[in-house]
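This report concerns only the one structure given below.
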Amino acid sequence: MNGDGTGRPRAWALIREALIAALSRPVATVAVALVTALTCATVLLTTGRAVRAQEDVVSRLDNMGTLLIAASDGQGLAGMMASSVTTVGSMPAVEWAFGLGAAKDGHNAALPGGEGVAARPFFGDLRSVVTLNTGRWPGPGEAIASTTAAAELGLIDGVGGIAYGSDDSDSHPIVGTYRADRVLKSLANSVLIEPTTWQAAPILYLYAKAIDVSWVDRVVDAVPSVITAATPAGITVESPQALRDARGQISSDLAASSRYLMLATLATGLVLVAVTMLAAVTDRKADFGRRRALGASRSAVIVVVMVQALVAALVGAAVGVGCAQVVNAVASASSPSLAFTVGLVVLAVACAVVAAVPPAILASLRDPVRVLRVP
Amino acid sequence: MRSVILEARALAFSYRSSDEQVLKDVNASFGPGEVTSVVGPSGCGKSTLLYVLAGLLTPGAGQVWLDGSSFSGLRDGQRSAIRASQIGFVFQDAMLDPSRSVVDNACESAVFSGIRRQEARPRARELLATMGVENRDAHRPGEISGGQAQRVAVCRALLPHPRIVFADEPTGNLDPGSAEVVWAALRGAADRGCCVVVATHSPLLARESDQIIDLSPHSLGLPETTSSNNESFPSIAGPNHLVTSPSDDASSSHFATGPTPPVGGVDV
């Protein structure tokens with residue numbers, strides 16, 4: 001005759017034991033879930049909002065040009081070629097590159113002698129630097145005017161034509177208007193013309209946006225070596241260092257205060273979960289004693305306690321995130337990003353599981369004989 | 001030749017180092033198909049001996065041998081694995097989980113022995129039927145009697161088909177009918193080759209056993225305590241040194257109410 005089992009519990013059987021324990025001792029389970037829910041909700045409604053505000057501030061600063069690198073040929077003598085836009089734009093650390101040629105004084109083609117605006121050829125993807133307001137994006141040989149320039153030109157519905165040159169020999173149809181509400185706010189009073197051929201055309205300004213603030217310096221260093229120009233020394237490459245420093249300081253200060261708040265909340269949650277689980281395993285000492293006598297190893301007891309905490313924490317985290325979303329929606333406040341929320345859930349659940357370790361070990365070390373002996 | 005599964009060699013144990021030893025120089029062997037009763041007055045160490053033999057307590061001296069290898073010298077995890085797969089335990093109190101149904105309680109030992117739930121549940125229902133509590137399988141422990149709870153506890157112990165079953169006063173709080181069912185189940189397990197060790201106060205159960213271990217002080221050579229309730233045991237030898245078989249005059253039904261058959265103790 002021999003025992004039928006292996007003496008090693010199946011993983012799923014232990015998880016099932018933990019789930020049964022979680023359901024059969026609802027007070028401890030609900031308490032752990034509640035603590036985790038409060039932790040998540042508190043962090044999302046405090047740190048989460050602060051992080052969102054920080055992201056907004058940084059985004060605004062980036063919109064002001066912290067990521068922008070400008071290469072300019074101020075004298076117009078360096079011979080910077082439009083092909084440089086393609087070269088710089090293909091750098092891995094560059095999100096987009098955009099070139100501008102020399103400005104000419106243009107006017108409404110239908111009103112000779114009318115108000116003049118700056119008309120420039122552009123090189124690169126216009127969609128990256130301005131927002132379409134009316135009409136459509138221009139094709140080769142067509143132009144698009146800023147809303148201000150369109151008003152100055154007296155265009156109805158932003159559609160018409162622009163002419164320039166000594167005898168108005170050059171003219172282009174204007175097919176729409178744009179808003180210069182992004183990083184290149186200097187385009188707010190221009191008409192931009194898409195050239196028919198542009199690889200060999202000269203440009204005066206080349207703008208590039210780095211993918212991240214940490215790459216700006218390296219892009220600044222690399223741009224002069226990849227630009228095609230007759231006289232590279234005549235080109236000045238700049239980035240707004242002061243603005244970038246300010247961005248770093250603000251970001252760092254906001255992150256530090258958010259971090260301390262979140263750590264304090266998580267630490268409080270961890271202590272509360274530990275105390276709750278400690279009370280739960282103390283209350284259940286007969287259960288653990290019986291299981292140990294029936295052959296449960298210490299590690300099996302630890303797994304049962306920790307899975308119970310894990311399940312409760314997962315449920316609590318879901319409830320906490322849901323509640324915080326509802327509160328944010330009601331208060332019309334912006335919610336933290338998905339990445340922040342997921343990271344918080346992982347952290348809060350990990351805290352609950354870690355907090356359950358000491359009570360689990362305590363339960364596993366409890367002498368089963370003390371429980372089995374009936375006084 | 002008698003085969004031996006479990007053996008106690010010169011076992012000694014005390015709960016605290018400063019205390020007098022509860023067990024002192026206990027030697028005994030247990031074979032398959034045998035029922036052994038551990039008898040003696042309260043506090044003499046019957047339950048302690050079971051806990052030491054089952055690996056729940058580590059002896060202060062001596063060793064427990066299982067299949068010729070040291071069992072008490074194994075690490076806790078190894079002892080737990082053996083306890084889960086080869087040892088069944090019936091506690092003095094049924095110790096059922098109040099939050100689970102009767103059938104789930106009967107299956108609890110299967111969790112730790114690694115038996116699949118799909119396999120354990122039919123087996124549990126079969127055992128519950130054998131014990132006469134099959135119609136209570138969906139009830140909670142709070143909804144059944146103490147006698148029925150103890151029968152469920154026996155089912156839990158027998159479910160993994162253990163090689164050894166320890167029962168700590170399994171009939172102590174039961175009515176004669178329930179006691180008879182529990183005893184029959186333990187006896188039946190022994191008949192199927194299981195080694196059954198029972199700690200009991202009942203001289204009647206002891207008489208049904210194949211061997212008896214008496215932990216009474218007098219059997220240790222200590223002055224015999226005057227017994228006012230005639231609760232002495234038949235054909236009992238000094239337990240710590242000698243184990244004997246009970247007398248042959250055991251009555252057919254020891255659970256029937258009525259006068260206790262005359263028995264007499266034997267001093268060492």
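Within each chain, counting starts at residue 1; across the structure tokens, chains are named A, B, ... in the order shown, with ligands numbered 1 upward in that order.
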
Excluding same-chain residues fewer than 4 positions from range 25-38 of chain B, what lies within 9 Å of it counting only C-alpha atoms, as a short mmCIF file (atom, residue, chain, number, x, y, z; two decimals) with C-alpha atoms, in the first residue's frame?
data_model
loop_
_atom_site.label_atom_id
_atom_site.label_comp_id
_atom_site.auth_asym_id
_atom_site.auth_seq_id
_atom_site.Cartn_x
_atom_site.Cartn_y
_atom_site.Cartn_z
CA MET A 1 0.00 0.00 0.00
CA ARG B 2 6.61 -9.12 10.76
CA SER B 3 7.32 -6.18 8.44
CA VAL B 4 7.80 -2.73 9.88
CA ILE B 5 6.96 0.63 8.31
CA LEU B 6 7.55 2.98 11.19
CA GLU B 7 9.85 2.64 14.11
CA ALA B 8 10.57 4.70 17.22
CA ARG B 9 14.02 4.22 18.63
CA ALA B 10 14.88 5.57 22.06
CA LEU B 11 12.58 8.57 21.56
CA ALA B 12 12.67 11.36 24.09
CA PHE B 13 10.87 14.66 23.98
CA LYS B 46 -0.02 10.02 23.97
CA SER B 47 -0.68 12.92 21.60
CA LEU B 49 4.09 10.59 20.70
CA LEU B 50 1.76 10.79 17.69
CA ALA B 61 16.71 12.35 21.48
CA GLY B 62 16.30 9.16 19.51
CA ARG B 163 0.30 4.20 4.41
CA ILE B 164 0.05 5.39 8.00
CA LEU B 186 -9.77 2.86 10.96
CA ARG B 187 -9.91 -0.88 11.35
CA ALA B 189 -7.94 0.93 6.64
CA ALA B 190 -5.67 -1.39 8.60
CA ASP B 191 -7.28 -4.39 6.95
CA ARG B 192 -6.31 -2.85 3.60
CA GLY B 193 -2.69 -2.66 4.72
CA CYS B 194 -2.59 0.71 6.39
CA CYS B 195 -0.64 1.17 9.61
CA VAL B 196 -2.99 2.77 12.15
CA VAL B 197 -1.81 4.35 15.39
CA VAL B 198 -4.50 5.56 17.76
CA ALA B 199 -4.09 7.54 20.95
CA THR B 200 -7.03 6.64 23.13
CA HIS B 201 -8.40 6.69 26.65
CA LEU B 205 -10.62 0.44 21.70
CA ALA B 206 -7.32 -0.72 23.05
CA ARG B 207 -8.62 -4.21 23.36
CA GLU B 208 -9.53 -4.16 19.66
CA SER B 209 -5.98 -3.21 18.73
CA ASP B 210 -3.22 -5.43 17.50
CA GLN B 211 -0.74 -3.91 19.90
CA ILE B 212 -0.84 -1.46 22.75
CA ILE B 213 1.65 1.06 23.96
CA ASP B 214 1.02 2.11 27.52
CA LEU B 215 2.48 5.42 28.59
CA PRO B 239 5.14 0.99 26.85
CA ASN B 240 8.48 2.61 26.75
CA HIS B 241 10.23 -0.65 26.77
CA LEU B 242 7.79 -3.30 25.72
CA VAL B 243 4.71 -3.54 23.58
#

With 12 Å as the cut-off and only C-alpha atoms counted, what is the closest atom pair between each nearby residue of chain A and chain B? Distances in Å to one decimal, ordered by chain and number, as a tab-separated table.
residue	atom	partner	partner_atom	distance
A:Met1	CA	B:Gly193	CA	6.0
A:Asn2	CA	B:Arg163	CA	5.4
A:Gly3	CA	B:Pro162	CA	4.5
A:Asp4	CA	B:Pro160	CA	5.5
A:Gly5	CA	B:Ser113	CA	4.6
A:Thr6	CA	B:Gly114	CA	5.4
A:Gly7	CA	B:Ser113	CA	4.2
A:Arg8	CA	B:Gly114	CA	5.2
A:Pro9	CA	B:Gly114	CA	4.3
A:Arg10	CA	B:Gly114	CA	5.6
A:Ala11	CA	B:Gly114	CA	9.3
A:Trp12	CA	B:Val111	CA	9.6
A:Ala13	CA	B:Val111	CA	5.9
A:Leu14	CA	B:Val111	CA	7.2
A:Ile15	CA	B:Val111	CA	10.4
A:Arg16	CA	B:Val111	CA	9.4
A:Glu17	CA	B:Val111	CA	8.1
A:Ala18	CA	B:Val111	CA	11.5
A:Ile20	CA	B:Arg100	CA	8.5
A:Ala21	CA	B:Ser99	CA	8.6
A:Ala22	CA	B:Ser99	CA	10.9
A:Leu23	CA	B:Ser99	CA	9.0
A:Ser24	CA	B:Ser99	CA	5.7
A:Arg25	CA	B:Ser99	CA	8.5
A:Pro26	CA	B:Ser99	CA	11.0
A:Arg284	CA	B:Asp97	CA	10.4
A:Lys285	CA	B:Met95	CA	11.8
A:Ala286	CA	B:Met95	CA	8.0
A:Asp287	CA	B:Asp97	CA	7.1
A:Phe288	CA	B:Asp97	CA	10.6
A:Gly289	CA	B:Met95	CA	9.8
A:Arg290	CA	B:Met95	CA	7.1
A:Arg291	CA	B:Ser109	CA	8.1
A:Arg292	CA	B:Ser80	CA	7.4
A:Ala293	CA	B:Leu56	CA	6.8
A:Leu294	CA	B:Ser109	CA	5.8
A:Gly295	CA	B:Ala84	CA	3.8
A:Ala296	CA	B:Phe112	CA	5.5
A:Ser297	CA	B:Ser80	CA	5.3
A:Arg298	CA	B:Gly77	CA	7.1
A:Ser299	CA	B:Gly77	CA	8.2
A:Ala300	CA	B:Phe112	CA	8.4
A:Val301	CA	B:Phe112	CA	10.4
A:Val304	CA	B:Phe112	CA	11.7
A:Ser364	CA	B:Asp76	CA	11.1
A:Leu365	CA	B:Asp76	CA	10.6
A:Arg366	CA	B:Leu56	CA	11.4
A:Asp367	CA	B:Leu56	CA	8.3
A:Pro368	CA	B:Leu56	CA	7.3
A:Val369	CA	B:Leu56	CA	6.9
A:Arg370	CA	B:Leu56	CA	10.4
A:Val371	CA	B:Met95	CA	9.9
A:Leu372	CA	B:Phe91	CA	7.1
A:Arg373	CA	B:Gln92	CA	7.9
A:Val374	CA	B:Asp93	CA	7.1
A:Pro375	CA	B:Asp93	CA	10.6

**Request:** Skip range 88-102 of chain A itself and residues of its chain fewer than 5 positions away, then list as number ranges by chain all residues within 6 Å of it, counting only C-alpha atoms.
**Result:** A: 120-124, 203-211

**Contacts of range 131-140 of chain A at 9 Å (only C-alpha atoms; same-chain gap of 2+ positions) as a list in words** = Leu126, Arg127, Ser128, Val129, Glu142, Ala143, Ile144, Ser146, Thr147, Asp157, Gly158, Val159, Pro173, Ile174, Val175, Gly176, Thr177, Tyr178, Arg179, Ala180, Asp181, Arg182, Leu192, Ile193, Glu194, Pro195, Thr196 and Thr197 of chain A

Would you list the contacts of Ser14 in chain B as a compact mmCIF listing (two decimals) with C-alpha atoms, in the first residue's frame, taking every protein, DNA or RNA residue within 7 Å and counting only C-alpha atoms, but skipping same-chain residues closer than 5 positions in sequence?
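As a result, part-v4.txt now contains:
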# COMPACT_ATOMS: atom_id res chain seq x y z
CA ASP B 19 10.71 20.65 31.65
CA GLU B 20 10.57 17.02 32.57
CA GLN B 21 10.57 14.83 29.50
CA VAL B 22 7.12 13.95 28.22
CA LEU B 23 8.53 11.01 26.32
CA GLY B 60 14.96 15.70 21.63

**Request:** Run DSSP on the backbone and grab whatever in range 126-203 of chain B lands in strand (DSSP E or B); send it over as a VMD selection string.
**Result:** chain B and resid 164 to 168 195 to 199

Please dump the current selection as a compact mmCIF listing (two decimals), in the first residue's frame; keep C-alpha atoms.
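Printed below is again-v3.txt as written:
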# COMPACT_ATOMS: atom_id res chain seq x y z
CA ILE B 164 0.05 5.39 8.00
CA VAL B 165 -2.87 6.96 9.85
CA PHE B 166 -2.51 8.67 13.19
CA ALA B 167 -5.68 9.25 15.15
CA ASP B 168 -5.59 11.33 18.30
CA CYS B 195 -0.64 1.17 9.61
CA VAL B 196 -2.99 2.77 12.15
CA VAL B 197 -1.81 4.35 15.39
CA VAL B 198 -4.50 5.56 17.76
CA ALA B 199 -4.09 7.54 20.95

**Request:** Identify, with DSSP run on backbone atoms, the residues in range 168-287 of chain A assigned to helix (DSSP H, G or I), and express the list as an MDAnalysis selection string.
**Result:** chainID A and resid 185:189 213:226 232:234 241:283 285:287

Only C-alpha atoms, please: the residues just picked out, written as a compact mmCIF listing (two decimals), in the first residue's frame.
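Saved result, selection-v2.txt, follows:
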# COMPACT_ATOMS: atom_id res chain seq x y z
CA LYS A 185 5.72 80.73 -34.06
CA SER A 186 7.87 82.96 -36.25
CA LEU A 187 5.80 81.74 -39.20
CA ALA A 188 2.74 83.56 -37.88
CA ASN A 189 2.96 86.29 -40.51
CA VAL A 213 15.70 66.89 -24.48
CA SER A 214 18.61 64.59 -23.69
CA TRP A 215 19.47 64.44 -27.39
CA VAL A 216 19.50 68.15 -28.10
CA ASP A 217 23.18 68.75 -27.39
CA ARG A 218 24.23 65.78 -29.49
CA VAL A 219 22.07 66.91 -32.39
CA VAL A 220 23.52 70.42 -32.11
CA ASP A 221 26.99 68.90 -32.33
CA ALA A 222 26.10 66.66 -35.26
CA VAL A 223 24.14 69.07 -37.46
CA PRO A 224 27.11 71.09 -38.84
CA SER A 225 28.77 67.91 -40.05
CA VAL A 226 25.74 66.68 -42.01
CA PRO A 232 29.74 75.55 -43.48
CA ALA A 233 31.59 77.99 -41.22
CA GLY A 234 29.02 80.62 -42.10
CA GLN A 241 19.98 76.41 -23.62
CA ALA A 242 18.43 78.68 -20.97
CA LEU A 243 14.96 77.43 -21.76
CA ARG A 244 16.20 73.87 -21.59
CA ASP A 245 17.83 74.47 -18.22
CA ALA A 246 14.61 75.95 -16.92
CA ARG A 247 12.71 72.96 -18.23
CA GLY A 248 15.07 70.60 -16.45
CA GLN A 249 14.79 72.50 -13.17
CA ILE A 250 11.02 72.73 -13.24
CA SER A 251 10.68 69.09 -14.24
CA SER A 252 13.07 68.00 -11.50
CA ASP A 253 11.36 70.07 -8.78
CA LEU A 254 7.89 68.90 -9.70
CA ALA A 255 9.02 65.28 -9.98
CA ALA A 256 10.70 65.36 -6.57
CA SER A 257 7.63 66.66 -4.74
CA SER A 258 5.41 64.16 -6.58
CA ARG A 259 7.79 61.33 -5.81
CA TYR A 260 7.86 62.00 -2.06
CA LEU A 261 4.10 62.20 -1.91
CA MET A 262 3.69 58.94 -3.78
CA LEU A 263 6.33 57.15 -1.71
CA ALA A 264 4.67 58.30 1.51
CA THR A 265 1.28 57.05 0.29
CA LEU A 266 2.67 53.71 -0.83
CA ALA A 267 4.60 53.26 2.41
CA THR A 268 1.45 53.93 4.41
CA GLY A 269 -0.43 51.41 2.30
CA LEU A 270 2.33 48.86 2.78
CA VAL A 271 2.23 49.18 6.57
CA LEU A 272 -1.55 48.96 6.65
CA VAL A 273 -1.58 45.85 4.45
CA ALA A 274 1.10 44.24 6.63
CA VAL A 275 -0.89 44.91 9.79
CA THR A 276 -4.10 43.65 8.19
CA MET A 277 -2.48 40.46 6.94
CA LEU A 278 -0.80 39.94 10.30
CA ALA A 279 -4.17 40.14 12.03
CA ALA A 280 -5.63 37.81 9.40
CA VAL A 281 -3.02 35.08 9.80
CA THR A 282 -3.22 35.37 13.58
CA ASP A 283 -6.95 34.88 13.36
CA LYS A 285 -3.78 30.06 13.04
CA ALA A 286 -6.02 27.00 13.34
CA ASP A 287 -6.29 26.87 9.53

**Prompt:** Of the candidates B:Pro122, B:Gly43, B:Gly132, B:Gly73, which shows the shortest atom-to-atom distance to Thr58 in chain B, using only C-alpha atoms?
**Reply:** B:Gly73
